[in-house]
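Structure file target-v4.cif with mmCIF, C-alpha atoms:
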data_protein
#
loop_
_atom_site.group_PDB
_atom_site.id
_atom_site.type_symbol
_atom_site.label_atom_id
_atom_site.label_comp_id
_atom_site.auth_asym_id
_atom_site.auth_seq_id
_atom_site.Cartn_x
_atom_site.Cartn_y
_atom_site.Cartn_z
ATOM 1 C CA MET A 1 197.836 -5.856 240.886
ATOM 2 C CA GLY A 2 194.682 -6.218 243.013
ATOM 3 C CA VAL A 3 196.668 -6.423 246.244
ATOM 4 C CA GLN A 4 198.615 -3.253 245.386
ATOM 5 C CA ARG A 5 195.423 -1.399 244.555
ATOM 6 C CA GLN A 6 193.833 -2.532 247.821
ATOM 7 C CA SER A 7 196.976 -1.512 249.728
ATOM 8 C CA ALA A 8 196.902 1.960 248.174
ATOM 9 C CA LYS A 9 193.257 2.334 249.189
ATOM 10 C CA GLU A 10 194.046 1.296 252.756
ATOM 11 C CA THR A 11 196.974 3.721 252.939
ATOM 12 C CA LYS A 12 194.696 6.546 251.802
ATOM 13 C CA LEU A 13 192.101 5.463 254.328
ATOM 14 C CA ILE A 14 194.661 5.462 257.149
ATOM 15 C CA ALA A 15 195.844 8.939 256.164
ATOM 16 C CA ALA A 16 192.255 10.195 256.072
ATOM 17 C CA LEU A 17 191.505 8.653 259.480
ATOM 18 C CA LYS A 18 194.614 10.209 261.022
ATOM 19 C CA GLN A 19 193.685 13.609 259.621
ATOM 20 C CA HIS A 20 190.144 13.248 260.954
ATOM 21 C CA TYR A 21 191.322 12.128 264.392
ATOM 22 C CA GLU A 22 193.931 14.891 264.622
ATOM 23 C CA ARG A 23 191.315 17.505 263.808
ATOM 24 C CA TYR A 24 188.780 16.331 266.377
ATOM 25 C CA HIS A 25 191.172 15.235 269.133
ATOM 26 C CA ALA A 26 193.725 18.039 268.818
ATOM 27 C CA GLU A 27 193.090 19.189 272.385
ATOM 28 C CA ASP A 28 193.521 15.713 273.888
ATOM 29 C CA LEU A 29 196.703 14.144 272.555
ATOM 30 C CA ALA A 30 196.603 11.374 275.164
ATOM 31 C CA ALA A 31 193.203 10.228 273.846
ATOM 32 C CA LEU A 32 194.519 10.426 270.298
ATOM 33 C CA LYS A 33 197.519 8.270 271.251
ATOM 34 C CA GLU A 34 195.195 5.686 272.819
ATOM 35 C CA LEU A 35 193.086 5.647 269.671
ATOM 36 C CA TYR A 36 196.170 5.026 267.512
ATOM 37 C CA GLU A 37 197.264 2.219 269.842
ATOM 38 C CA TYR A 38 193.776 0.712 269.606
ATOM 39 C CA HIS A 39 194.002 0.654 265.806
ATOM 40 C CA ALA A 40 197.471 -0.913 265.973
ATOM 41 C CA GLU A 41 196.192 -3.682 268.252
ATOM 42 C CA ASN A 42 193.268 -4.375 265.913
ATOM 43 C CA CYS A 43 195.597 -4.620 262.924
ATOM 44 C CA VAL A 44 197.754 -7.142 264.800
ATOM 45 C CA ARG A 45 194.652 -9.193 265.668
ATOM 46 C CA ALA A 46 193.531 -9.102 262.040
ATOM 47 C CA ALA A 47 196.998 -10.253 260.945
ATOM 48 C CA GLU A 48 196.812 -13.184 263.365
ATOM 49 C CA LEU A 49 193.473 -14.270 261.890
ATOM 50 C CA THR A 50 194.502 -13.856 258.250
ATOM 51 C CA VAL A 51 195.550 -16.898 256.243
ATOM 52 C CA ASP A 52 196.886 -15.012 253.206
ATOM 53 C CA PRO A 53 200.563 -14.084 253.874
ATOM 54 C CA ARG A 54 200.398 -10.911 251.762
ATOM 55 C CA ARG A 55 197.329 -9.741 253.591
ATOM 56 C CA ARG A 56 198.992 -10.556 256.926
ATOM 57 C CA GLU A 57 201.997 -8.414 255.975
ATOM 58 C CA GLU A 58 199.689 -5.544 255.054
ATOM 59 C CA TYR A 59 197.966 -5.716 258.433
ATOM 60 C CA LEU A 60 201.323 -5.811 260.203
ATOM 61 C CA LYS A 61 202.511 -2.838 258.151
ATOM 62 C CA LEU A 62 199.389 -0.911 259.167
ATOM 63 C CA ALA A 63 199.971 -1.886 262.792
ATOM 64 C CA ARG A 64 203.524 -0.477 262.580
ATOM 65 C CA GLU A 65 202.205 2.772 261.086
ATOM 66 C CA TRP A 66 199.641 3.200 263.861
ATOM 67 C CA THR A 67 202.269 2.316 266.482
ATOM 68 C CA GLU A 68 204.729 4.854 265.045
ATOM 69 C CA ALA A 69 202.017 7.520 265.038
ATOM 70 C CA ALA A 70 201.240 6.743 268.697
ATOM 71 C CA ALA A 71 204.947 6.878 269.594
ATOM 72 C CA THR A 72 205.267 10.252 267.884
ATOM 73 C CA LEU A 73 202.340 11.594 269.907
ATOM 74 C CA HIS A 74 203.819 10.140 273.089
ATOM 75 C CA ALA A 75 207.111 11.946 272.471
ATOM 76 C CA LEU A 76 205.241 15.154 271.676
ATOM 77 C CA THR A 77 203.179 15.011 274.864
ATOM 78 C CA ASP A 78 206.317 14.268 276.904
ATOM 79 C CA ARG A 79 208.031 17.361 275.488
ATOM 80 C CA MET A 80 204.952 19.488 276.134
ATOM 81 C CA MET A 81 204.687 18.264 279.729
ATOM 82 C CA ALA A 82 208.389 18.932 280.320
ATOM 83 C CA ARG A 83 208.009 22.486 279.044
ATOM 84 C CA ARG A 84 204.973 23.070 281.242
ATOM 85 C CA SER A 85 206.703 21.743 284.341
ATOM 86 C CA ASN A 86 209.769 23.908 283.661
ATOM 87 C CA GLN A 87 207.615 27.003 283.232
ATOM 88 C CA ALA A 88 205.628 26.321 286.385
ATOM 89 C CA LYS A 89 208.652 26.060 288.684
ATOM 90 C CA PRO A 90 209.395 29.287 290.565
ATOM 91 C CA ALA A 91 213.030 30.240 290.785
ATOM 92 C CA ASP A 92 214.413 30.056 294.335
ATOM 93 C CA ASP A 93 216.799 32.930 293.762
ATOM 94 C CA ALA A 94 214.271 35.222 292.093
ATOM 95 C CA PRO A 95 214.285 38.760 293.474
ATOM 96 C CA SER A 96 211.435 39.646 295.736
ATOM 97 C CA LEU A 97 208.779 41.917 294.335
ATOM 98 C CA THR A 98 207.939 43.356 297.734
ATOM 99 C CA ARG A 99 209.760 46.514 298.677
ATOM 100 C CA ASN A 100 211.121 47.208 302.116
ATOM 101 C CA PRO A 101 209.289 50.400 303.079
ATOM 102 C CA ARG A 102 212.108 51.695 305.317
ATOM 103 C CA LYS A 103 214.923 50.973 302.936
ATOM 104 C CA GLY A 104 215.771 53.791 300.573
ATOM 105 C CA ARG A 105 213.848 56.493 302.433
ATOM 106 C CA LYS A 106 215.605 59.629 303.517
ATOM 107 C CA ARG A 107 215.162 60.851 307.023
ATOM 108 C CA SER A 108 213.798 64.234 307.509
ATOM 109 C CA THR A 109 216.226 66.663 309.153
ATOM 110 C CA ARG A 110 213.739 68.657 311.086
#

Could I get this structure in the form of structure tokens?
Amino acid sequence: MGVQRQSAKETKLIAALKQHYERYHAEDLAALKELYEYHAENCVRAAELTVDPRRREEYLKLAREWTEAAATLHALTDRMMARRSNQAKPADDAPSLTRNPRKGRKRSTR
């Protein structure tokens, strides 16, 4: 029962950290992704150093969660960048906004 209780606490902590990070790094998703990857790497290192198999599995589970969160942010930033690049491209066949001053004028008949 102690391991389950500890796991529940860690899950709540992870959720709270993600919420905190998302609030303060909302403008820089690339930095947020790097932070998530950093946490994933640390969880893997902790798993490697842990003797208890249950504890090791918990660290690996946390590493997967951080990795999935980073992957989600990566996909999101890719979509955002694709949208920006599509919006920034001028159309080659767009009509010109300049008007030919001679075209459309009537000649005077004087």

Nearby residues, (195.7, 9.0, 259.2) file frame, 12 Å, all atoms listed in the file, as a short mmCIF file (atom, residue, chain, number, x, y, z; two decimals) with C-alpha atoms, in the coordinates of the input:
data_model
loop_
_atom_site.label_atom_id
_atom_site.label_comp_id
_atom_site.auth_asym_id
_atom_site.auth_seq_id
_atom_site.Cartn_x
_atom_site.Cartn_y
_atom_site.Cartn_z
CA GLU A 10 194.05 1.30 252.76
CA THR A 11 196.97 3.72 252.94
CA LYS A 12 194.70 6.55 251.80
CA LEU A 13 192.10 5.46 254.33
CA ILE A 14 194.66 5.46 257.15
CA ALA A 15 195.84 8.94 256.16
CA ALA A 16 192.26 10.20 256.07
CA LEU A 17 191.50 8.65 259.48
CA LYS A 18 194.61 10.21 261.02
CA GLN A 19 193.68 13.61 259.62
CA HIS A 20 190.14 13.25 260.95
CA TYR A 21 191.32 12.13 264.39
CA GLU A 22 193.93 14.89 264.62
CA ARG A 23 191.32 17.50 263.81
CA LEU A 32 194.52 10.43 270.30
CA LEU A 35 193.09 5.65 269.67
CA TYR A 36 196.17 5.03 267.51
CA HIS A 39 194.00 0.65 265.81
CA LEU A 62 199.39 -0.91 259.17
CA GLU A 65 202.20 2.77 261.09
CA TRP A 66 199.64 3.20 263.86
CA THR A 67 202.27 2.32 266.48
CA GLU A 68 204.73 4.85 265.04
CA ALA A 69 202.02 7.52 265.04
CA ALA A 70 201.24 6.74 268.70
#

**Study point:** Residues matched by the PyMOL selection byres ((chain A and resi 30) around 12) as a PyMOL selection string
**Key:** chain A and resi 22+25-29+31-37+70-78+80-81

Exercise for review: Work out how far CA of Glu58 in chain A is from CA of Ala46 in chain A, in Å to one decimal.
Suggested key: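 Between CA of Ala46 in chain A and CA of Glu58 in chain A the gap works out to 10.0 Å.
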
**Study point:** Test item: residues at most 7 Å from Val44 in chain A, only C-alpha atoms, excluding those fewer than 4 positions along its chain, as a PyMOL selection string
**Key:** chain A and resi 40+48+59-60+63

Centre and edges of the range 46-50 of chain A box, axis-aligned, 3 Å extra per side, as JSON:
{"center_x": 195.2, "center_y": -11.7, "center_z": 260.8, "size_x": 9.5, "size_y": 11.2, "size_z": 11.1}

Check your understanding: What is the distance between CA of Arg5 in chain A and CA of Arg55 in chain A, in Å to one decimal?
Key ->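 According to the coordinates, CA of Arg5 in chain A and CA of Arg55 in chain A are separated by 12.4 Å.
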
Point to revise | Using all atoms listed in the file: which of A:Cys43, A:Gln87, A:Tyr38, A:Arg79 has the shortest distance to Arg56 in chain A | key: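 Between A:Cys43, A:Gln87, A:Tyr38, A:Arg79, the residue approaching Arg56 in chain A most closely is A:Cys43.
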
Review point. Suppose you want the space between CA of Gln6 in chain A and CA of Leu49 in chain A; what is it in Å?
Key: 18.3 Å
